[in-house]
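Text of final19.cif, listed as mmCIF, C-alpha atoms:
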```
data_start
loop_
_atom_site.label_atom_id
_atom_site.label_comp_id
_atom_site.auth_asym_id
_atom_site.auth_seq_id
_atom_site.Cartn_x
_atom_site.Cartn_y
_atom_site.Cartn_z
CA MET A 1 14.06 14.76 -105.28
CA ASP A 2 12.53 13.10 -102.22
CA ARG A 3 15.14 10.38 -102.47
CA LEU A 4 17.81 12.96 -101.68
CA GLN A 5 16.18 13.84 -98.34
CA TYR A 6 18.60 11.94 -96.13
CA SER A 7 21.78 12.91 -97.96
CA ALA A 8 20.63 16.52 -98.39
CA LEU A 9 19.90 16.79 -94.66
CA MET A 10 23.44 15.66 -93.84
CA ILE A 11 25.00 18.05 -96.36
CA ALA A 12 22.84 20.86 -94.98
CA CYS A 13 24.25 20.12 -91.50
CA LEU A 14 27.80 20.44 -92.83
CA LEU A 15 27.04 23.66 -94.72
CA LEU A 16 25.20 25.27 -91.81
CA THR A 17 28.05 24.54 -89.38
CA LEU A 18 30.80 25.61 -91.80
CA PRO A 19 30.76 29.28 -90.64
CA LEU A 20 31.76 28.06 -87.14
CA GLU A 21 35.12 27.17 -88.62
CA PHE A 22 35.80 30.75 -89.67
CA VAL A 23 33.53 33.17 -87.82
CA PHE A 24 34.10 31.39 -84.49
CA GLY A 25 37.61 30.17 -85.33
CA ALA A 26 36.77 26.52 -84.60
CA ARG A 27 39.79 25.12 -86.52
CA VAL A 28 38.24 21.66 -86.98
CA TRP A 29 38.36 21.32 -90.76
CA ARG A 30 41.85 22.88 -90.67
CA GLN A 31 43.19 20.03 -88.54
CA PRO A 32 42.37 17.24 -90.99
CA LYS A 33 44.62 14.60 -89.42
CA ARG A 34 43.27 15.17 -85.95
CA LEU A 35 39.73 15.21 -87.36
CA VAL A 36 40.21 11.89 -89.17
CA ARG A 37 41.78 10.28 -86.11
CA SER A 38 38.84 11.37 -83.96
CA VAL A 39 35.94 10.67 -86.31
CA VAL A 40 36.93 7.60 -88.32
CA PRO A 41 37.49 5.01 -85.55
CA VAL A 42 34.19 5.92 -83.88
CA ALA A 43 32.33 6.00 -87.21
CA LEU A 44 33.67 2.53 -88.05
CA PHE A 45 32.48 1.13 -84.74
CA PHE A 46 29.02 2.64 -85.10
CA LEU A 47 28.78 1.54 -88.75
CA VAL A 48 29.49 -2.06 -87.72
CA TRP A 49 26.73 -1.75 -85.11
CA ASP A 50 24.50 -0.23 -87.80
CA LEU A 51 25.20 -3.05 -90.28
CA TRP A 52 24.50 -5.63 -87.61
CA ALA A 53 21.30 -3.97 -86.39
CA THR A 54 20.02 -3.48 -89.94
CA ASN A 55 20.72 -7.13 -90.71
CA ARG A 56 18.81 -8.15 -87.59
CA GLY A 57 15.95 -5.91 -88.61
CA ASP A 58 16.23 -3.65 -85.54
CA TRP A 59 15.94 -0.68 -87.87
CA GLY A 60 15.78 0.11 -91.56
CA PHE A 61 15.76 2.91 -94.08
CA ASN A 62 12.94 4.26 -96.17
CA PRO A 63 13.61 3.72 -99.91
CA LYS A 64 11.51 6.82 -100.60
CA TYR A 65 14.05 9.13 -98.96
CA THR A 66 17.39 7.45 -99.72
CA ILE A 67 19.32 7.31 -103.00
CA GLY A 68 19.25 3.51 -103.04
CA TRP A 69 22.89 2.52 -102.57
CA LYS A 70 22.80 -0.19 -99.95
CA PHE A 71 25.05 -2.59 -98.11
CA PRO A 72 24.07 -6.25 -97.73
CA GLY A 73 21.29 -6.29 -95.16
CA GLY A 74 19.98 -2.90 -96.15
CA MET A 75 22.20 -0.27 -94.49
CA VAL A 76 22.22 2.75 -96.82
CA VAL A 77 25.35 4.69 -97.82
CA GLU A 78 23.83 7.81 -96.27
CA GLU A 79 24.67 6.25 -92.90
CA ILE A 80 28.38 6.75 -93.65
CA LEU A 81 27.62 10.40 -94.28
CA PHE A 82 25.68 10.55 -90.98
CA PHE A 83 28.53 9.16 -88.86
CA VAL A 84 30.94 11.67 -90.41
CA ALA A 85 28.73 14.77 -90.65
CA VAL A 86 27.14 14.65 -87.20
CA PRO A 87 30.44 14.28 -85.25
CA VAL A 88 32.03 17.04 -87.35
CA CYS A 89 29.11 19.34 -86.46
CA ALA A 90 29.56 18.48 -82.77
CA LEU A 91 33.31 19.18 -82.85
CA LEU A 92 32.72 22.50 -84.61
CA THR A 93 30.20 23.40 -81.91
CA LEU A 94 32.58 22.40 -79.11
CA GLU A 95 35.47 24.43 -80.49
CA ALA A 96 33.24 27.41 -81.30
CA VAL A 97 31.81 27.42 -77.76
CA ARG A 98 35.27 27.03 -76.26
CA ASN A 99 36.50 30.06 -78.21
CA MET A 100 33.37 32.03 -77.33
CA LEU A 101 33.85 31.38 -73.62
CA ALA A 102 37.50 32.37 -73.91
CA GLY A 103 36.58 35.46 -75.93
CA THR A 104 38.96 34.47 -78.73
CA THR A 105 36.68 34.03 -81.75
CA PRO A 106 37.46 36.17 -84.80
CA LEU A 107 33.96 37.60 -84.37
CA GLN A 108 34.67 38.81 -80.82
CA ARG A 109 38.08 40.16 -81.84
CA TRP A 110 36.49 42.10 -84.66
CA TRP A 111 33.82 43.45 -82.29
CA ARG A 112 36.40 44.64 -79.78
CA ALA A 113 38.61 46.16 -82.47
CA ARG A 114 35.84 48.30 -83.99
CA MET B 1 14.09 -6.69 -73.12
CA PRO B 2 14.28 -4.63 -76.32
CA ILE B 3 17.85 -4.58 -77.55
CA TYR B 4 18.26 -1.04 -78.87
CA PRO B 5 17.77 0.85 -75.57
CA VAL B 6 19.92 -1.69 -73.74
CA LEU B 7 22.82 -1.29 -76.19
CA ALA B 8 22.45 2.49 -76.39
CA VAL B 9 22.63 2.88 -72.59
CA LEU B 10 25.49 0.38 -72.45
CA ALA B 11 27.39 2.41 -75.06
CA ALA B 12 26.87 5.58 -73.01
CA ILE B 13 28.10 3.86 -69.84
CA VAL B 14 31.17 2.49 -71.63
CA VAL B 15 32.08 5.95 -72.91
CA VAL B 16 31.75 7.50 -69.44
CA ALA B 17 33.84 4.65 -68.01
CA LEU B 18 36.49 5.15 -70.69
CA GLU B 19 36.76 8.82 -69.72
CA PHE B 20 37.23 8.09 -66.02
CA ILE B 21 39.46 5.03 -66.39
CA TYR B 22 41.46 5.71 -69.53
CA PHE B 23 41.20 9.15 -71.14
CA ARG B 24 40.92 11.36 -68.03
CA SER B 25 40.38 14.42 -70.22
CA ALA B 26 38.26 16.11 -67.51
CA ILE B 27 35.80 16.93 -70.28
CA PHE B 28 32.84 16.36 -67.93
CA ARG B 29 34.13 19.21 -65.78
CA SER B 30 34.49 21.52 -68.74
CA ARG B 31 31.90 24.22 -69.28
CA ALA B 32 32.55 24.25 -73.04
CA TYR B 33 31.58 20.56 -73.24
CA TRP B 34 28.21 20.99 -71.47
CA VAL B 35 27.30 24.22 -73.26
CA SER B 36 28.09 22.65 -76.63
CA MET B 37 26.21 19.46 -75.72
CA ALA B 38 23.16 21.59 -74.89
CA ILE B 39 23.40 23.32 -78.27
CA VAL B 40 23.96 20.00 -80.04
CA LEU B 41 20.91 18.57 -78.25
CA GLY B 42 18.76 21.29 -79.80
CA PHE B 43 20.01 20.52 -83.28
CA MET B 44 19.83 16.79 -82.64
CA ILE B 45 16.12 17.13 -81.89
CA ALA B 46 15.61 18.92 -85.21
CA VAL B 47 17.68 16.48 -87.27
CA ASP B 48 16.73 13.26 -85.51
CA GLY B 49 13.13 14.42 -85.38
CA TRP B 50 13.22 14.80 -89.15
CA LEU B 51 14.88 11.39 -89.59
CA THR B 52 12.58 9.37 -87.36
CA LYS B 53 9.21 11.20 -87.40
CA LEU B 54 6.48 8.61 -87.65
CA SER B 55 4.54 10.52 -90.31
CA ALA B 56 7.30 10.12 -92.93
CA PRO B 57 10.25 8.29 -91.41
CA ILE B 58 13.63 8.17 -93.15
CA VAL B 59 14.81 5.71 -90.49
CA PHE B 60 12.24 3.29 -89.09
CA TYR B 61 12.49 0.83 -86.22
CA ASN B 62 11.20 -2.61 -85.41
CA ASP B 63 9.01 -1.71 -82.45
CA ALA B 64 9.78 -5.01 -80.72
CA ASN B 65 13.42 -3.91 -80.37
CA THR B 66 12.94 -0.35 -79.11
CA SER B 67 11.61 1.20 -75.91
CA GLY B 68 8.71 2.66 -77.88
CA ILE B 69 9.04 5.80 -75.73
CA ARG B 70 9.07 8.83 -78.01
CA PRO B 71 8.70 11.95 -75.83
CA VAL B 72 9.75 14.67 -78.32
CA TRP B 73 8.95 14.69 -82.04
CA ASP B 74 8.77 10.89 -82.21
CA ILE B 75 12.46 10.59 -81.24
CA LEU B 76 13.04 7.36 -79.33
CA ILE B 77 14.37 8.06 -75.86
CA GLU B 78 17.35 5.70 -76.41
CA GLU B 79 18.47 7.91 -79.30
CA TYR B 80 19.68 10.45 -76.75
CA ALA B 81 21.95 7.85 -75.13
CA PHE B 82 23.12 6.78 -78.59
CA ALA B 83 23.92 10.38 -79.57
CA PHE B 84 25.66 11.02 -76.22
CA ALA B 85 27.86 7.94 -76.69
CA LEU B 86 28.70 8.73 -80.32
CA LEU B 87 29.54 12.38 -79.81
CA THR B 88 31.31 12.10 -76.45
CA MET B 89 33.51 9.30 -77.80
CA VAL B 90 34.51 11.46 -80.78
CA ILE B 91 35.19 14.39 -78.43
CA LEU B 92 37.37 12.18 -76.18
CA LEU B 93 39.52 11.20 -79.16
CA TRP B 94 39.59 14.84 -80.31
CA GLU B 95 40.75 16.02 -76.88
CA ARG B 96 43.40 13.33 -76.68
CA SER B 97 45.06 14.61 -79.84
CA ALA B 98 44.84 18.28 -78.86
CA PRO B 99 47.91 20.26 -79.87
CA ALA B 100 50.03 20.74 -76.74
CA VAL B 101 50.52 23.69 -74.39
CA ALA B 102 50.11 26.86 -76.49
CA ASP B 103 46.63 25.97 -77.71
CA LYS B 104 45.58 24.37 -74.43
CA ALA B 105 46.16 27.60 -72.56
CA ALA B 106 44.06 29.52 -75.05
CA ALA B 107 41.39 26.87 -75.04
CA SER B 108 40.69 26.32 -71.37
#
```
structure tokens encoding of this file:
Amino acid sequence: MDRLQYSALMIACLLLTLPLEFVFGARVWRQPKRLVRSVVPVALFFLVWDLWATNRGDWGFNPKYTIGWKFPGGMVVEEILFFVAVPVCALLTLEAVRNMLAGTTPLQRWWRAR
Amino acid sequence: MPIYPVLAVLAAIVVVALEFIYFRSAIFRSRAYWVSMAIVLGFMIAVDGWLTKLSAPIVFYNDANTSGIRPVWDILIEEYAFAFALLTMVILLWERSAPAVADKAAAS
């Protein structure tokens, strides 16, 4: 079970931020094209950096907490999950905050309509 | 000079430069951006703290290539520059492809 720590942490981030999409009307997951165009190019850049740094030995990943699928040099597949999950969480937060400040979240609408 | 802090700060500077020279999204003048970055910072400390804590690290570093400065929960100080660069770059691309007019008015 310990070997799932890294992947489980990333999936937990995605699950915990999922309500922002609906309760705060973030509309991030519901704009899949825009999401892919924002996240993928940046993820690719950072994954290349990651591969390079791992190969140089700047950093590495604990085999105790990762499932064991690795790229040459030692970068783990969980890193792909990281560079997708973390930006998605940030975008959900941005859009949720933006709606909150504008008073347009479904939650606020419901509160006012009571 | 350790390479990780140098590259992390460089990445942050490049992203800021891209905003002012190319994207011009005015995101740095937006309240929503700074409020969400503050919230994200809180969660980053929890998640990155879990990933890099020295007692049971998921990600470990070659100390020769880092600053070695770990002020909060063993998180290397350059990780904050790294996270800023990563997330702000994604947000700049996200803003660039914002649906026009109708949504913008509601969003600002």
With all atoms listed in the file counted and 8 Å as the cut-off, give the residues of chain B in contact with chain A, each with its shortest interatomic distance in Å and the pair that gives it, as a tab-separated table.
```
residue	atom	partner	partner_atom	distance
B:Tyr4	CA	A:Asp58	CA	7.4
B:Ala32	CA	A:Arg98	CA	5.0
B:Tyr33	CA	A:Leu94	CA	6.2
B:Val35	CA	A:Val97	CA	7.1
B:Ser36	CA	A:Leu94	CA	5.1
B:Met37	CA	A:Leu94	CA	7.8
B:Ile39	CA	A:Thr93	CA	7.7
B:Val40	CA	A:Ala90	CA	6.4
B:Val47	CA	A:Leu9	CA	7.7
B:Leu51	CA	A:Tyr6	CA	7.5
B:Pro57	CA	A:Asn62	CA	6.8
B:Ile58	CA	A:Asn62	CA	5.0
B:Val59	CA	A:Phe61	CA	4.7
B:Phe60	CA	A:Gly60	CA	5.4
B:Tyr61	CA	A:Trp59	CA	4.1
B:Asn62	CA	A:Asp58	CA	5.1
B:Asn65	CA	A:Asp58	CA	5.9
B:Thr66	CA	A:Asp58	CA	7.9
B:Leu86	CA	A:Val42	CA	7.1
B:Leu87	CA	A:Pro87	CA	5.8
B:Met89	CA	A:Val42	CA	7.0
B:Val90	CA	A:Ser38	CA	5.4
B:Ile91	CA	A:Leu91	CA	6.8
B:Leu92	CA	A:Ser38	CA	8.0
B:Leu93	CA	A:Ser38	CA	4.9
B:Trp94	CA	A:Ser38	CA	5.1
B:Ser97	CA	A:Arg34	CA	6.4
B:Ala98	CA	A:Arg34	CA	7.9
B:Ala106	CA	A:Ala102	CA	7.2
B:Ala107	CA	A:Arg98	CA	6.2
B:Ser108	CA	A:Ala102	CA	7.3
```
Produce a file of the selected residues containing C-alpha atoms, as a PDB file, keeping the file's coordinate frame.
```pdb
ATOM      1  CA  TYR B   4      18.260  -1.040 -78.870  1.00  0.00           C
ATOM      2  CA  ALA B  32      32.550  24.250 -73.040  1.00  0.00           C
ATOM      3  CA  TYR B  33      31.580  20.560 -73.240  1.00  0.00           C
ATOM      4  CA  VAL B  35      27.300  24.220 -73.260  1.00  0.00           C
ATOM      5  CA  SER B  36      28.090  22.650 -76.630  1.00  0.00           C
ATOM      6  CA  MET B  37      26.210  19.460 -75.720  1.00  0.00           C
ATOM      7  CA  ILE B  39      23.400  23.320 -78.270  1.00  0.00           C
ATOM      8  CA  VAL B  40      23.960  20.000 -80.040  1.00  0.00           C
ATOM      9  CA  VAL B  47      17.680  16.480 -87.270  1.00  0.00           C
ATOM     10  CA  LEU B  51      14.880  11.390 -89.590  1.00  0.00           C
ATOM     11  CA  PRO B  57      10.250   8.290 -91.410  1.00  0.00           C
ATOM     12  CA  ILE B  58      13.630   8.170 -93.150  1.00  0.00           C
ATOM     13  CA  VAL B  59      14.810   5.710 -90.490  1.00  0.00           C
ATOM     14  CA  PHE B  60      12.240   3.290 -89.090  1.00  0.00           C
ATOM     15  CA  TYR B  61      12.490   0.830 -86.220  1.00  0.00           C
ATOM     16  CA  ASN B  62      11.200  -2.610 -85.410  1.00  0.00           C
ATOM     17  CA  ASN B  65      13.420  -3.910 -80.370  1.00  0.00           C
ATOM     18  CA  THR B  66      12.940  -0.350 -79.110  1.00  0.00           C
ATOM     19  CA  LEU B  86      28.700   8.730 -80.320  1.00  0.00           C
ATOM     20  CA  LEU B  87      29.540  12.380 -79.810  1.00  0.00           C
ATOM     21  CA  MET B  89      33.510   9.300 -77.800  1.00  0.00           C
ATOM     22  CA  VAL B  90      34.510  11.460 -80.780  1.00  0.00           C
ATOM     23  CA  ILE B  91      35.190  14.390 -78.430  1.00  0.00           C
ATOM     24  CA  LEU B  92      37.370  12.180 -76.180  1.00  0.00           C
ATOM     25  CA  LEU B  93      39.520  11.200 -79.160  1.00  0.00           C
ATOM     26  CA  TRP B  94      39.590  14.840 -80.310  1.00  0.00           C
ATOM     27  CA  SER B  97      45.060  14.610 -79.840  1.00  0.00           C
ATOM     28  CA  ALA B  98      44.840  18.280 -78.860  1.00  0.00           C
ATOM     29  CA  ALA B 106      44.060  29.520 -75.050  1.00  0.00           C
ATOM     30  CA  ALA B 107      41.390  26.870 -75.040  1.00  0.00           C
ATOM     31  CA  SER B 108      40.690  26.320 -71.370  1.00  0.00           C
TER      32      SER B 108
END
```
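Minimum distance to B:Phe43 across A:Ser7, A:Thr17, A:Glu79, A:Leu107 (counting all atoms listed in the file) occurs at A:Thr17.
With only C-alpha atoms as the basis for measurement, A:Asp2 is the residue among A:Leu81, A:Arg109, A:Pro72, A:Asp2 that approaches B:Ala56 most closely.
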>> Since I can't run it myself right now, could you work out what the PyMOL selection byres ((chain B and resi 73) around 8) selects here and report it as a ChimeraX atom specification?
In response: /B:45,49,53,70-72,74-75
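Distances from A:Leu47, A:Arg114, A:Pro106, A:Phe71 to A:Glu21 were compared using only C-alpha atoms, and the smallest one belongs to A:Pro106.
Interatomic distance, atom CA of A:Asp50 to atom CA of A:Glu78: 11.7 Å.
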Using all atoms of stretch 29-44 of chain B that appear in the file, construct an axis-aligned enclosing box with 3 Å of padding on every side and provide its centre coordinates and edge lengths in Å, rounded to one decimal, as lines of an AutoDock Vina configuration file.
```
center_x = 26.6
center_y = 20.5
center_z = -74.5
size_x = 21.7
size_y = 13.5
size_z = 23.5
```
> Any idea what's packed within 7 Å of B:Pro5, counting all atoms listed in the file, ignoring anything in its chain fewer than 4 positions away? Could you give it as a PyMOL selection string?
Replying inline: chain B and resi 9+66-67+78
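Here atom CA of A:Ile11 stands at a distance of 15.6 Å from atom CA of A:Val76.
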> From the set B:Ala46, B:Ala12, B:Leu18, B:Ile69, which residue has the shortest atom-to-atom contact distance to B:Ala85, counting all atoms listed in the file?
Replying inline: B:Ala12
>> My list of candidates is B:Glu79, B:Glu95, B:Glu19, B:Asp63. Which is closest to B:Leu41 when distances are computed with all atoms listed in the file?
In response: B:Glu79
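One distance worth recording is that between atom CA of B:Trp34 and atom CA of A:Ala113, which is 29.4 Å.
If you measure from each of A:Trp110, A:Ala85, A:Ala26, A:Thr105 to A:Ala12 using all atoms listed in the file, the closest one turns out to be A:Ala85.
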